[in-house]
Every structure is written in structure tokens, then in C-alpha cells.
Amino acid sequence: MNDVAVSDKGFVPVILLCFFFGILGVHRFFVGKIGTGLLMLFTLGGFGIWALVDFIIIVTGNFTDSDGRMVKAQN
């Protein structure tokens with residue numbers, strides 16, 4: 001059995017926020033990662049590259065919230 005803690009933040013809101021507002025880091029603010037959210041905001045998502053990488057990480061189910069819990073689709 002997998003003992004990984006799952007975040008209370010929803011997978012669908014996180015992926016939609018990343019898709020539409022990824023370069024502003026809105027998805028990172030949503031999961032509580034304020035520091036990296038600000039970095040993304042000021043660098044426009046690392047000139048788009050960081051936002052794209054985050055989107056891929058979210059889709060693959062490896063994105064975590066500020067407490068280290070996985071943001072995953074519920075089965």
C-alpha cells in the first residue's frame with residue numbers, strides 16, 4: 001500500500017490554474033508555496049519554462065503542496 005500523504009488541495013483546480021495562469025505562479029499560491037509563487041510572478045514563470053515544467057509535474061502526479069503532500073487526482 002502507498003503511504004504517501006495526499007493534499008487536500010484539489011488536482012483539477014491546481015492543473016487549471018497552472019494551465020491558464022502558470023506564468024503568474026497562481027497554482028503555487030493556491031497550494032501554499034508563497035515564496036516560489038512570488039518568484040514565478042516576478043520572472044513570468046521563469047520565462048514560461050518553469051510554468052511548463054510545473055504543468056508536466058502536475059500532470060504526472062508528482063506536484064506537492066507546501067506541506068509536502070502530493071496533489072493527485074482522487075481514485
# chains A, B, ... in the order shown; residues from 1 in each chain; ligands from 1
$ select_by_dssp --residues "chain A" --states "alpha helix (DSSP H)" --output "number ranges by chain"
A: 11-21, 26-30, 34-47, 49-59
$ residues_around --residues "Leu44 (chain A)" --least-positions-apart "3" --cutoff "8 Å" --atoms "only C-alpha atoms" --output "PDB file with N, CA and C atoms, in the first residue's frame"
ATOM      1  N   ILE A  23       2.208  31.211 -15.782  1.00  0.00           N
ATOM      2  CA  ILE A  23       3.329  32.153 -15.797  1.00  0.00           C
ATOM      3  C   ILE A  23       3.259  33.158 -14.655  1.00  0.00           C
ATOM      4  N   LEU A  24       2.098  33.256 -14.006  1.00  0.00           N
ATOM      5  CA  LEU A  24       1.958  34.142 -12.848  1.00  0.00           C
ATOM      6  C   LEU A  24       2.142  33.399 -11.528  1.00  0.00           C
ATOM      7  N   GLY A  25       2.279  32.079 -11.579  1.00  0.00           N
ATOM      8  CA  GLY A  25       2.515  31.281 -10.388  1.00  0.00           C
ATOM      9  C   GLY A  25       1.297  31.100  -9.495  1.00  0.00           C
ATOM     10  N   MET A  40       7.876  33.072  -9.377  1.00  0.00           N
ATOM     11  CA  MET A  40       7.256  32.847 -10.683  1.00  0.00           C
ATOM     12  C   MET A  40       6.570  34.107 -11.177  1.00  0.00           C
ATOM     13  N   LEU A  41       5.929  34.834 -10.278  1.00  0.00           N
ATOM     14  CA  LEU A  41       5.248  36.064 -10.655  1.00  0.00           C
ATOM     15  C   LEU A  41       6.239  37.092 -11.209  1.00  0.00           C
ATOM     16  N   PHE A  47      10.204  32.719 -17.438  1.00  0.00           N
ATOM     17  CA  PHE A  47      10.057  32.974 -18.879  1.00  0.00           C
ATOM     18  C   PHE A  47       9.279  31.852 -19.572  1.00  0.00           C
ATOM     19  N   GLY A  48       8.348  31.260 -18.822  1.00  0.00           N
ATOM     20  CA  GLY A  48       7.476  30.230 -19.375  1.00  0.00           C
ATOM     21  C   GLY A  48       7.982  28.816 -19.184  1.00  0.00           C
TER      22      GLY A  48
END
$ residues_around --residues "Ile57 (chain A)" --least-positions-apart "4" --cutoff "12 Å" --atoms "only C-alpha atoms" --output "list of chain:residue names"
A:Phe11, A:Val14, A:Ile15, A:Cys18, A:Trp50, A:Ala51, A:Leu52, A:Val53, A:Gly61, A:Asn62, A:Phe63, A:Thr64, A:Met70, A:Val71, A:Lys72
$ write_last_selection --atoms "N, CA and C atoms" --output "short mmCIF file (atom, residue, chain, number, x, y, z; two decimals), in the first residue's frame"
data_model
loop_
_atom_site.label_atom_id
_atom_site.label_comp_id
_atom_site.auth_asym_id
_atom_site.auth_seq_id
_atom_site.Cartn_x
_atom_site.Cartn_y
_atom_site.Cartn_z
N PHE A 11 -6.78 18.38 -7.35
CA PHE A 11 -5.96 18.22 -8.55
C PHE A 11 -6.47 19.09 -9.70
N VAL A 14 -5.73 22.87 -9.34
CA VAL A 14 -4.30 23.13 -9.49
C VAL A 14 -3.89 23.06 -10.96
N ILE A 15 -4.35 22.05 -11.67
CA ILE A 15 -3.95 21.92 -13.07
C ILE A 15 -4.56 23.03 -13.93
N CYS A 18 -2.64 26.26 -13.22
CA CYS A 18 -1.34 26.20 -13.88
C CYS A 18 -1.48 26.42 -15.38
N TRP A 50 9.54 27.43 -16.47
CA TRP A 50 9.19 26.90 -15.15
C TRP A 50 7.71 26.53 -15.12
N ALA A 51 6.87 27.35 -15.73
CA ALA A 51 5.43 27.05 -15.77
C ALA A 51 5.16 25.76 -16.54
N LEU A 52 5.85 25.56 -17.64
CA LEU A 52 5.69 24.34 -18.43
C LEU A 52 6.15 23.12 -17.64
N VAL A 53 7.27 23.24 -16.97
CA VAL A 53 7.79 22.13 -16.15
C VAL A 53 6.80 21.81 -15.02
N GLY A 61 1.46 13.72 -11.60
CA GLY A 61 1.10 13.40 -10.22
C GLY A 61 2.22 13.53 -9.23
N ASN A 62 3.24 14.33 -9.53
CA ASN A 62 4.39 14.48 -8.64
C ASN A 62 4.49 15.85 -7.99
N PHE A 63 3.47 16.68 -8.12
CA PHE A 63 3.48 18.02 -7.55
C PHE A 63 3.05 17.95 -6.09
N THR A 64 3.70 18.71 -5.22
CA THR A 64 3.38 18.70 -3.79
C THR A 64 2.91 20.08 -3.34
N MET A 70 1.27 15.15 -1.68
CA MET A 70 1.08 15.05 -3.12
C MET A 70 -0.28 15.59 -3.55
N VAL A 71 -0.27 16.40 -4.61
CA VAL A 71 -1.52 16.87 -5.22
C VAL A 71 -1.84 15.89 -6.32
N LYS A 72 -2.81 15.02 -6.07
CA LYS A 72 -3.15 13.95 -7.02
C LYS A 72 -4.63 13.89 -7.23
#
$ atom_distance --atom1 "CA of Gly68 (chain A)" --atom2 "CA of Phe55 (chain A)"
17.3 Å
$ closest_residue --among "A:Ser7, A:Gly37, A:Gly32, A:Phe42" --to "Ala73 (chain A)" --atoms "only C-alpha atoms"
A:Ser7
$ closest_residue --among "A:Ser66, A:Thr43, A:Gln74, A:Thr60" --to "Val6 (chain A)" --atoms "only C-alpha atoms"
A:Gln74
